[in-house]
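J.: My structure is in input_36.txt, and what it holds is compact mmCIF, C-alpha atoms:
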# COMPACT_ATOMS: atom_id res chain seq x y z
CA MET L 207 0.60 12.31 31.02
CA THR L 208 -0.72 9.62 28.72
CA ASP L 209 1.12 6.36 28.16
CA PHE L 210 2.45 7.67 24.84
CA ASP L 211 4.03 10.71 26.51
CA CYS L 212 6.93 8.65 27.84
CA VAL L 213 8.10 8.56 24.20
CA ALA L 214 6.32 11.52 22.54
CA ILE L 215 7.60 14.89 23.72
CA SER L 216 5.45 17.09 21.48
CA SER L 217 3.36 17.09 18.32
CA ARG L 218 3.24 19.77 15.64
CA ILE L 219 1.01 20.60 12.69
CA ARG L 220 2.30 23.16 10.20
CA PHE L 221 0.66 24.69 7.13
CA ALA L 222 2.58 26.39 4.31
CA ARG L 223 0.56 29.03 2.44
CA ASN L 224 1.41 31.55 -0.29
CA VAL L 225 -0.61 34.48 -1.58
CA ALA L 226 -1.38 34.47 -5.31
CA GLY L 227 0.14 37.37 -7.22
CA ILE L 228 3.15 37.75 -4.89
CA GLY L 229 6.44 36.19 -5.94
CA PHE L 230 7.46 33.02 -4.15
CA MET L 231 10.25 33.22 -1.59
CA PRO L 232 13.14 33.89 -1.98
CA SER L 233 12.21 35.95 -5.05
CA LYS L 234 12.37 39.71 -4.82
CA ILE L 235 9.18 41.04 -3.24
CA ASP L 236 8.53 44.77 -3.48
CA GLU L 237 7.85 47.02 -0.50
CA ALA L 238 4.16 47.39 -1.31
CA GLN L 239 3.63 43.61 -1.28
CA ILE L 240 5.57 43.25 1.97
CA SER L 241 3.47 45.95 3.61
CA TYR L 242 0.21 44.54 2.24
CA LEU L 243 0.78 41.00 3.49
CA THR L 244 2.28 42.05 6.83
CA ASP L 245 -0.41 44.64 7.62
CA SER L 246 -3.23 42.32 6.51
CA MET L 247 -1.96 39.38 8.59
CA VAL L 248 -1.39 41.57 11.64
CA ALA L 249 -4.93 42.93 11.35
CA LEU L 250 -6.37 39.42 10.95
CA LEU L 251 -4.44 38.08 13.95
CA SER L 252 -5.35 41.08 16.11
CA ALA L 253 -9.04 40.52 15.35
CA SER L 254 -8.79 36.76 15.98
CA GLY L 255 -7.14 36.49 19.40
CA ASP L 256 -4.55 37.74 21.83
CA TYR L 257 -1.32 37.39 19.84
CA THR L 258 2.10 38.91 20.52
CA ILE L 259 3.36 40.21 17.17
CA MET L 260 7.13 40.54 16.76
CA PRO L 261 8.90 41.91 13.63
CA LEU L 262 12.32 40.27 13.62
CA ALA L 263 13.96 43.43 12.23
CA PHE L 264 13.41 45.08 15.63
CA MET L 265 14.70 42.12 17.62
CA PRO L 266 18.35 41.46 18.54
CA LEU L 267 19.78 38.32 16.97
CA SER L 268 20.13 36.78 20.44
CA ARG L 269 16.36 37.03 20.95
CA CYS L 270 15.76 35.41 17.56
CA LYS L 271 18.08 32.55 18.50
CA ALA L 272 16.23 32.09 21.80
CA LEU L 273 12.97 31.66 19.87
CA LEU L 274 14.70 29.19 17.56
CA GLU L 275 15.89 27.12 20.53
CA ARG L 276 12.29 26.94 21.76
CA HIS L 277 11.12 25.77 18.30
CA VAL L 278 8.99 28.91 17.95
CA ILE L 279 10.68 30.14 14.76
CA SER L 280 12.89 28.64 12.06
CA LYS L 281 16.33 29.40 10.66
CA GLU L 282 14.63 30.52 7.44
CA LEU L 283 12.67 33.18 9.31
CA ILE L 284 15.90 34.49 10.83
CA ASN L 285 17.53 34.49 7.37
CA ASN L 286 14.73 36.85 6.25
CA LYS L 287 15.07 38.95 9.40
CA ASP L 288 14.75 42.29 7.58
CA ILE L 289 11.14 41.56 6.51
CA SER L 290 9.92 38.61 8.58
CA VAL L 291 7.40 38.66 11.46
CA VAL L 292 6.32 36.08 14.03
CA ALA L 293 3.11 36.11 16.05
CA THR L 294 2.37 33.79 18.98
CA ASN L 295 -0.35 33.27 21.52
CA GLU L 296 0.47 33.41 25.23
CA ASP L 297 1.78 29.86 25.65
CA GLU L 298 3.46 29.77 22.21
CA SER L 299 1.33 26.83 21.11
CA LEU L 300 -0.03 28.77 18.10
CA ILE L 301 2.61 30.38 15.91
CA PHE L 302 2.31 32.35 12.67
CA MET L 303 5.40 33.24 10.64
CA ILE L 304 5.29 35.81 7.84
CA PHE L 305 7.95 35.61 5.12
CA GLU L 306 9.65 32.37 6.06
CA GLU L 307 10.34 29.87 3.25
CA ASP L 308 6.75 30.58 2.20
CA HIS L 309 4.75 33.78 2.64
CA LEU L 310 2.90 32.27 5.60
CA ARG L 311 3.77 29.41 7.91
CA GLU L 312 1.14 28.50 10.49
CA GLN L 313 1.87 25.98 13.21
CA CYS L 314 0.45 24.52 16.38
CA ILE L 315 2.58 22.66 18.93
CA GLN L 316 0.96 20.50 21.60
CA PRO L 317 2.59 18.43 24.35
CA GLY L 318 2.89 14.66 24.01
CA PHE L 319 1.30 12.66 21.23
CA SER L 320 -1.50 14.96 20.10
CA LEU L 321 -1.40 15.44 16.33
CA GLN L 322 -5.18 15.50 15.98
CA GLU L 323 -5.53 18.04 18.79
CA ALA L 324 -2.90 20.28 17.18
CA TYR L 325 -4.67 20.01 13.82
CA ASN L 326 -8.06 20.85 15.32
CA LYS L 327 -6.61 23.87 17.14
CA LEU L 328 -4.85 25.28 14.06
CA LEU L 329 -7.51 24.59 11.43
CA PRO L 330 -9.94 27.45 12.31
CA MET L 331 -7.22 30.05 11.85
CA ASP L 332 -6.06 28.45 8.61
CA GLU L 333 -9.62 28.65 7.30
CA LYS L 334 -9.74 32.36 8.19
CA ILE L 335 -6.45 32.95 6.37
CA CYS L 336 -7.62 31.06 3.28
CA LYS L 337 -10.82 33.15 3.22
CA SER L 338 -8.99 36.44 3.80
CA PHE L 339 -6.36 35.99 1.05
CA LYS L 340 -6.34 34.58 -2.44
CA ILE L 341 -4.09 31.62 -1.66
CA ALA L 342 -1.94 30.15 -4.47
CA PHE L 343 -3.68 26.89 -5.39
CA ASP L 344 -3.74 24.61 -8.41
CA GLU L 345 -6.38 21.97 -9.15
CA GLU L 346 -3.70 19.42 -10.05
CA PHE L 347 -0.92 20.28 -7.58
CA GLY L 348 -2.92 21.61 -4.63
CA PHE L 349 -1.41 24.38 -2.50
CA LEU L 350 1.58 25.88 -4.30
CA THR L 351 4.68 26.18 -2.13
CA SER L 352 8.31 27.28 -2.45
CA SER L 353 9.52 23.71 -1.91
CA PRO L 354 8.07 20.92 -4.08
CA ALA L 355 8.15 18.69 -0.96
CA ASN L 356 5.22 20.70 0.46
CA LEU L 357 2.98 20.65 -2.61
CA GLY L 358 -0.50 19.21 -2.19
CA ASN L 359 -2.05 19.89 1.18
CA GLY L 360 0.92 22.04 2.26
CA MET L 361 0.83 20.35 5.66
CA ARG L 362 3.65 18.94 7.76
CA ALA L 363 2.75 16.71 10.71
CA SER L 364 5.57 15.88 13.10
CA VAL L 365 6.15 14.19 16.44
CA MET L 366 9.22 14.82 18.58
CA VAL L 367 10.23 11.56 20.23
CA PHE L 368 12.53 10.46 23.04
CA ILE L 369 13.96 7.07 22.07
CA PRO L 370 17.10 6.21 24.10
CA ALA L 371 16.55 2.44 23.87
CA LEU L 372 16.26 2.47 20.07
CA GLU L 373 19.37 4.62 19.93
CA ARG L 374 21.32 2.28 22.22
CA SER L 375 20.25 -0.71 20.15
CA GLY L 376 21.71 0.83 16.97
CA ARG L 377 18.33 1.02 15.24
CA ILE L 378 18.43 4.68 14.17
CA ASP L 379 19.96 4.20 10.71
CA GLU L 380 17.42 1.47 9.97
CA LEU L 381 14.57 3.70 11.16
CA ILE L 382 15.71 6.49 8.85
CA LYS L 383 15.52 4.04 5.92
CA GLU L 384 12.16 2.67 7.05
CA ALA L 385 10.74 6.18 7.36
CA GLY L 386 11.84 6.94 3.80
CA HIS L 387 9.83 3.98 2.48
CA PHE L 388 6.68 5.66 3.83
CA ASN L 389 7.60 9.17 2.61
CA LEU L 390 8.49 10.19 6.14
CA THR L 391 11.65 11.76 7.51
CA PHE L 392 13.62 11.12 10.69
CA ARG L 393 15.60 14.16 11.84
CA GLY L 394 17.50 15.56 14.78
CA LEU L 395 16.40 17.83 17.61
CA TYR L 396 16.09 20.99 15.48
CA GLY L 397 14.74 19.42 12.29
CA GLU L 398 16.34 19.33 8.86
CA GLY L 399 20.12 19.40 8.90
CA SER L 400 20.39 19.21 12.69
CA GLU L 401 22.21 16.57 14.69
CA ALA L 402 20.59 14.17 17.11
CA LEU L 403 21.08 15.24 20.72
CA GLY L 404 19.85 13.61 23.90
CA SER L 405 18.12 10.71 22.09
CA ILE L 406 15.56 13.18 20.71
CA TYR L 407 14.36 12.95 17.10
CA GLN L 408 11.59 14.32 14.90
CA ILE L 409 9.33 12.18 12.72
CA SER L 410 7.46 14.01 9.98
CA ASN L 411 5.91 13.55 6.56
CA GLN L 412 7.69 14.54 3.38
CA GLY L 413 6.40 14.22 -0.15
CA LEU L 414 2.94 12.81 0.66
CA PHE L 415 1.65 14.84 -2.28
CA ALA L 416 -1.49 12.85 -3.03
CA CYS L 417 -2.61 12.38 0.58
CA SER L 418 -5.31 14.30 2.40
CA GLU L 419 -4.53 16.06 5.67
CA GLU L 420 -6.22 13.24 7.60
CA GLU L 421 -4.19 10.61 5.74
CA VAL L 422 -0.95 12.43 6.57
CA ILE L 423 -1.84 12.45 10.26
CA ASP L 424 -2.69 8.73 10.06
CA LYS L 425 0.60 7.83 8.36
CA VAL L 426 2.75 9.77 10.82
CA SER L 427 0.71 8.36 13.71
CA ASP L 428 1.07 4.77 12.50
CA PHE L 429 4.86 5.16 12.24
CA PHE L 430 4.95 6.70 15.70
CA PHE L 431 2.95 3.78 17.15
CA ASN L 432 5.48 1.33 15.70
CA ILE L 433 8.36 3.30 17.20
CA TYR L 434 6.57 3.57 20.53
CA ASN L 435 5.97 -0.19 20.75
CA GLU L 436 9.54 -1.05 19.79
CA GLU L 437 11.03 1.54 22.15
CA MET L 438 8.99 0.31 25.12
CA SER L 439 9.91 -3.32 24.41
CA LEU L 440 13.60 -2.45 24.08
CA ARG L 441 13.62 -0.35 27.26
CA LYS L 442 12.63 -3.37 29.33
CA LYS L 443 15.07 -5.66 27.52
CA ILE L 444 18.03 -3.26 27.74
CA PHE L 445 17.36 -2.46 31.41
CA ASP L 446 17.03 -6.13 32.37
CA GLU L 447 20.31 -6.95 30.63
CA ASN L 448 22.28 -3.89 31.82
CA HIS L 449 20.62 -2.99 35.12
CA ASP L 450 23.67 -1.94 37.14
CA LYS L 451 25.41 -0.17 34.27
CA ILE L 452 22.36 1.93 33.40
CA CYS L 453 21.69 2.78 37.06
CA ASP L 454 25.30 3.93 37.34
CA GLU L 455 25.00 6.07 34.19
CA VAL L 456 21.79 7.70 35.44
CA PHE L 457 23.11 8.53 38.93
CA ARG L 458 26.42 9.78 37.52
CA ALA L 459 24.48 12.06 35.14
CA LEU L 460 22.38 13.37 38.03
CA ALA L 461 25.49 13.97 40.13
CA ILE L 462 27.18 15.97 37.35
CA LEU L 463 24.07 18.08 36.74
CA GLU L 464 23.77 18.86 40.44
CA ASN L 465 27.45 19.43 41.21
CA SER L 466 29.43 20.48 38.13
CA PHE L 467 31.29 23.80 38.09
CA LEU L 468 31.19 24.15 34.29
CA LEU L 469 28.56 22.67 31.98
CA GLU L 470 28.55 22.83 28.19
CA GLU L 471 25.25 22.91 26.30
CA LYS L 472 25.57 19.60 24.46
CA GLU L 473 26.74 17.83 27.60
CA MET L 474 23.76 19.28 29.47
CA ILE L 475 21.33 17.86 26.91
CA SER L 476 22.93 14.40 27.07
CA LEU L 477 22.90 14.37 30.88
CA LEU L 478 19.30 15.60 31.12
CA SER L 479 18.26 12.80 28.76
CA LEU L 480 20.00 10.20 30.90
CA VAL L 481 18.08 11.47 33.94
CA ARG L 482 14.84 11.42 31.93
CA PHE L 483 15.66 7.84 30.90
CA GLY L 484 16.19 6.99 34.56
CA HIS L 485 12.76 8.40 35.37
CA GLU L 486 11.10 6.33 32.65
CA LEU L 487 12.84 3.19 33.95
CA GLY L 488 11.79 3.89 37.54
CA ILE L 489 15.34 4.44 38.78
CA LEU L 490 14.47 7.91 40.10
CA LYS L 491 11.51 10.27 39.93
CA ILE L 492 11.09 13.60 38.15
CA LYS L 493 8.36 15.49 39.98
CA ASP L 494 7.21 17.52 36.95
CA VAL L 495 8.32 16.13 33.58
CA ASN L 496 7.04 19.14 31.59
CA LEU L 497 9.08 21.56 33.71
CA PHE L 498 12.08 19.25 33.48
CA MET L 499 11.90 19.17 29.67
CA LYS L 500 11.93 22.98 29.55
CA LEU L 501 15.45 22.84 30.98
CA TYR L 502 16.65 21.61 27.57
CA TYR L 503 16.06 25.06 26.09
CA HIS L 504 16.28 27.17 29.26
CA GLY L 505 19.88 25.98 29.49
CA SER L 506 20.59 26.56 25.79
CA SER L 507 22.83 29.47 24.98
CA ALA L 508 20.45 32.19 23.79
CA ASN L 509 17.68 31.45 26.30
CA LEU L 510 20.20 31.27 29.14
CA HIS L 511 21.47 34.72 28.18
CA GLU L 512 17.90 36.02 28.49
CA ILE L 513 17.39 34.39 31.89
CA ARG L 514 20.72 35.18 33.54
CA VAL L 515 23.10 38.14 33.42
CA PHE L 516 26.65 37.05 32.60
CA SER L 517 29.86 38.71 33.78
CA GLN L 518 33.57 38.45 33.21
CA GLU L 519 33.82 36.18 36.24
CA LYS L 520 30.81 34.01 35.41
CA LYS L 521 30.71 33.01 31.78
CA GLU L 522 28.17 30.83 30.00
CA ASN L 523 29.24 27.33 31.09
CA ARG L 524 29.48 28.33 34.73
CA VAL L 525 26.14 30.18 34.71
CA ARG L 526 24.54 27.15 33.04
CA SER L 527 25.90 24.77 35.66
CA GLU L 528 24.51 26.88 38.51
CA TYR L 529 21.13 27.41 36.86
CA ILE L 530 20.63 23.75 35.92
CA ALA L 531 21.91 22.40 39.27
CA LYS L 532 19.38 24.41 41.26
CA ARG L 533 16.44 23.34 39.14
CA VAL L 534 17.42 19.68 38.85
CA LYS L 535 17.73 19.47 42.64
CA ASN L 536 14.17 20.82 42.96
CA LEU L 537 12.71 18.59 40.25
CA VAL L 538 14.38 15.23 40.83
CA GLU L 539 13.74 13.13 43.91
CA ILE L 540 16.94 11.79 45.40
CA GLY L 541 17.16 8.15 46.33
CA ARG L 542 17.70 4.85 44.56
CA LYS L 543 14.41 3.33 43.49
CA ALA L 544 15.74 0.59 41.18
Show how you would write the structure in this file as structure tokens.

T.:
Amino acid sequence: MTDFDCVAISSRIRFARNVAGIGFMPSKIDEAQISYLTDSMVALLSASGDYTIMPLAFMPLSRCKALLERHVISKELINNKDISVVATNEDESLIFMIFEEDHLREQCIQPGFSLQEAYNKLLPMDEKICKSFKIAFDEEFGFLTSSPANLGNGMRASVMVFIPALERSGRIDELIKEAGHFNLTFRGLYGEGSEALGSIYQISNQGLFACSEEEVIDKVSDFFFNIYNEEMSLRKKIFDENHDKICDEVFRALAILENSFLLEEKEMISLLSLVRFGHELGILKIKDVNLFMKLYYHGSSANLHEIRVFSQEKKENRVRSEYIAKRVKNLVEIGRKA
């Protein structure tokens, strides 16, 4: 982990691309155009690496929702389930969506604060796509996209952040306003329209029409650095002023995760974040933070259904409590360190 990773959970670069001559989504696209774009992209991906290619029409809705919980696909891709396709590499860091809000959505997700690394990893495939298709482009407006917010470079750079101290200090509404001044957005755990859960938010660009890709990365990075510095300063201040109360919250959260009989999804996320906060403050120790963070989606409804078989006797909240308790006990070192 780098120093920034105590605030930055992951970084994502996403490109929106449309093929000239095919109607923009959600316009009616004929069968021949659907087949052409799908077959051509599948052939290009198959020749470019080891990708798992999944047409959503052949997937149960529960599987689609599990991918959504892991941030692999979007709600828009599920809305177009009858024609949409997703392709991922083995670790799901490179993702290509066909027939989402745009014809093609390419994205790379990397752990921690790593926008430049994500950009460098995704760019070669984007260049192949732009050479293989006649991409809709205008000299004045840049890449043409279904949403005007993506015009220009068609790129979205985002960082998922864990900011419990800023949240406790009541700074979130101010940060949303500040982000807007820089043509950035501040959203919840699952992006646009989602609520904030577990002190986790997404920072991303919006409407940086005239900026280059490098300038977008710089602007999002600069805003992240400001948030990082303020969060770290507030963590120390809040902990110094509320030492016993925060220690009590953290150990109570750990106790519930390890011993509850029923555990709802939203409660699980809040409790996991309290334990993560305790780790960052040195109250307790998480042995493997990356594995711990996967519990957020492993314990979410659709992914949990894929991992565990439910029964009449053991329904979702009980299965979740057992699954999470076992893993938290293995990942978190017991003992007061504060």

J.: When you look at Asn359 of chain L with a cut-off of 10 Å (counting all atoms listed in the file), what residues show up, excluding the ones that are within fewer than 6 positions of it in the same chain? I need them as a list in words.

T.: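 These residues fall inside the cut-off: Phe221, Ala222, Arg223, Phe343, Phe347, Gly348, Phe349, Leu350, Thr351, Leu414, Phe415, Ala416, Cys417, Ser418, Glu419 and Val422 of chain L.
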
J.: Would you please work out which residue, of L:Leu250, L:Ala363, L:Leu283, L:Leu357, is nearest to Met331 of chain L when using all atoms listed in the file?

T.: L:Leu250

J.: Nearest to Gly505 of chain L: which of L:Glu345, L:Ile409, L:Asp245, L:Ala272 is it, counting all atoms listed in the file?

T.: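 Closest candidate: L:Ala272.
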
J.: Just want the 12 Å neighbourhood of Met438 of chain L, counted on only C-alpha atoms, with same-chain residues fewer than 2 positions away dropped. Output as a list in words.

T.: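 Close residues of Met438 of chain L: Asp209, Phe210, Asp211, Cys212, Val213, Ala214, Phe368, Ile369, Pro370, Ala371, Leu372, Phe431, Asn432, Ile433, Tyr434, Asn435, Glu436, Leu440, Arg441, Lys442, Lys443, Ile444, Phe445, Phe483, Glu486 and Leu487 of chain L.
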
J.: Please list as a VMD selection string every residue within 12 Å of Met265 of chain L, counting only C-alpha atoms and excluding residues in the same chain fewer than 3 positions away.

T.: chain L and resid 259 to 262 268 to 273 284 287 to 292

J.: Any idea what the distance is between atom CA of Pro354 of chain L and atom CA of Gly413 of chain L?

T.: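 That distance, rounded to one decimal, is 7.9 Å.
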
J.: Under the rule that all atoms listed in the file are counted, which of L:Glu447, L:Leu478, L:Glu346, L:Phe392 is the nearest residue to Lys500 of chain L?

T.: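 The answer is L:Leu478, which sits nearest to Lys500 of chain L.
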
J.: Can you pull out every residue within 10 Å of Glu373 of chain L, counting only C-alpha atoms, but drop anything in the same chain fewer than 6 positions away, and send it as a list in words?

T.: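 In the requested format, the answer is Asp379, Gly404, Ser405, Ile406 and Glu437 of chain L.
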
J.: Quick one: write out the picked residues with C-alpha atoms as a compact mmCIF listing (two decimals), in the frame of the given file?

T.:
# COMPACT_ATOMS: atom_id res chain seq x y z
CA ASP L 379 19.96 4.20 10.71
CA GLY L 404 19.85 13.61 23.90
CA SER L 405 18.12 10.71 22.09
CA ILE L 406 15.56 13.18 20.71
CA GLU L 437 11.03 1.54 22.15

J.: Of the residues L:Ala238, L:Leu469, L:Leu480, L:Val534, which is the one nearest to Ser507 of chain L, using only C-alpha atoms?

T.: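 Ranking L:Ala238, L:Leu469, L:Leu480, L:Val534 by distance to Ser507 of chain L, first place goes to L:Leu469.
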
J.: Mind rebuilding segment 308-343 of chain L with N, CA and C atoms and writing that out as a compact mmCIF listing (two decimals), keeping the file's coordinate frame?

T.:
# COMPACT_ATOMS: atom_id res chain seq x y z
N ASP L 308 7.97 30.19 2.91
CA ASP L 308 6.75 30.58 2.20
C ASP L 308 6.26 31.90 2.79
N HIS L 309 5.28 32.51 2.12
CA HIS L 309 4.75 33.78 2.64
C HIS L 309 4.23 33.61 4.06
N LEU L 310 3.51 32.52 4.29
CA LEU L 310 2.90 32.27 5.60
C LEU L 310 3.20 30.85 6.05
N ARG L 311 3.63 30.72 7.28
CA ARG L 311 3.77 29.41 7.91
C ARG L 311 2.97 29.45 9.21
N GLU L 312 1.98 28.58 9.29
CA GLU L 312 1.14 28.50 10.49
C GLU L 312 1.48 27.20 11.20
N GLN L 313 1.60 27.24 12.51
CA GLN L 313 1.87 25.98 13.21
C GLN L 313 1.26 25.96 14.60
N CYS L 314 0.95 24.76 15.02
CA CYS L 314 0.45 24.52 16.38
C CYS L 314 1.28 23.41 16.99
N ILE L 315 1.78 23.65 18.19
CA ILE L 315 2.58 22.66 18.93
C ILE L 315 1.83 22.30 20.20
N GLN L 316 1.65 21.00 20.42
CA GLN L 316 0.96 20.50 21.60
C GLN L 316 1.86 19.49 22.31
N PRO L 317 1.75 19.38 23.62
CA PRO L 317 2.59 18.43 24.35
C PRO L 317 2.19 16.98 24.07
N GLY L 318 3.17 16.09 24.15
CA GLY L 318 2.89 14.66 24.01
C GLY L 318 2.46 14.28 22.61
N PHE L 319 1.80 13.13 22.52
CA PHE L 319 1.30 12.66 21.23
C PHE L 319 -0.11 13.22 21.04
N SER L 320 -0.21 14.26 20.24
CA SER L 320 -1.50 14.96 20.10
C SER L 320 -1.62 15.63 18.74
N LEU L 321 -1.32 14.88 17.67
CA LEU L 321 -1.40 15.44 16.33
C LEU L 321 -2.81 15.91 15.98
N GLN L 322 -3.80 15.12 16.32
CA GLN L 322 -5.18 15.50 15.98
C GLN L 322 -5.59 16.75 16.74
N GLU L 323 -5.20 16.86 18.00
CA GLU L 323 -5.53 18.04 18.79
C GLU L 323 -4.87 19.29 18.20
N ALA L 324 -3.60 19.15 17.79
CA ALA L 324 -2.90 20.28 17.18
C ALA L 324 -3.57 20.70 15.88
N TYR L 325 -3.98 19.72 15.08
CA TYR L 325 -4.67 20.01 13.82
C TYR L 325 -5.99 20.74 14.08
N ASN L 326 -6.76 20.24 15.02
CA ASN L 326 -8.06 20.85 15.32
C ASN L 326 -7.90 22.28 15.84
N LYS L 327 -6.83 22.53 16.57
CA LYS L 327 -6.61 23.87 17.14
C LYS L 327 -6.16 24.86 16.07
N LEU L 328 -5.38 24.39 15.09
CA LEU L 328 -4.85 25.28 14.06
C LEU L 328 -5.83 25.51 12.91
N LEU L 329 -6.66 24.54 12.61
CA LEU L 329 -7.51 24.59 11.43
C LEU L 329 -8.40 25.83 11.35
N PRO L 330 -9.07 26.26 12.44
CA PRO L 330 -9.94 27.45 12.31
C PRO L 330 -9.20 28.69 11.83
N MET L 331 -7.97 28.89 12.30
CA MET L 331 -7.22 30.05 11.85
C MET L 331 -6.77 29.89 10.41
N ASP L 332 -6.42 28.68 10.00
CA ASP L 332 -6.06 28.45 8.61
C ASP L 332 -7.24 28.75 7.69
N GLU L 333 -8.43 28.36 8.11
CA GLU L 333 -9.62 28.65 7.30
C GLU L 333 -9.85 30.14 7.18
N LYS L 334 -9.61 30.89 8.25
CA LYS L 334 -9.74 32.36 8.19
C LYS L 334 -8.73 32.95 7.20
N ILE L 335 -7.50 32.44 7.26
CA ILE L 335 -6.45 32.95 6.37
C ILE L 335 -6.80 32.66 4.91
N CYS L 336 -7.28 31.44 4.65
CA CYS L 336 -7.62 31.06 3.28
C CYS L 336 -8.83 31.85 2.75
N LYS L 337 -9.69 32.30 3.64
CA LYS L 337 -10.82 33.15 3.22
C LYS L 337 -10.42 34.61 3.05
N SER L 338 -9.40 35.03 3.80
CA SER L 338 -8.99 36.44 3.80
C SER L 338 -8.04 36.78 2.65
N PHE L 339 -7.31 35.78 2.14
CA PHE L 339 -6.36 35.99 1.05
C PHE L 339 -6.69 35.07 -0.11
N LYS L 340 -6.27 35.47 -1.29
CA LYS L 340 -6.34 34.58 -2.44
C LYS L 340 -5.09 33.72 -2.39
N ILE L 341 -5.24 32.51 -1.87
CA ILE L 341 -4.09 31.62 -1.66
C ILE L 341 -3.73 30.91 -2.96
N ALA L 342 -2.43 30.82 -3.25
CA ALA L 342 -1.94 30.15 -4.47
C ALA L 342 -2.31 28.67 -4.42
N PHE L 343 -3.15 28.26 -5.37
CA PHE L 343 -3.68 26.89 -5.39
C PHE L 343 -3.87 26.45 -6.82
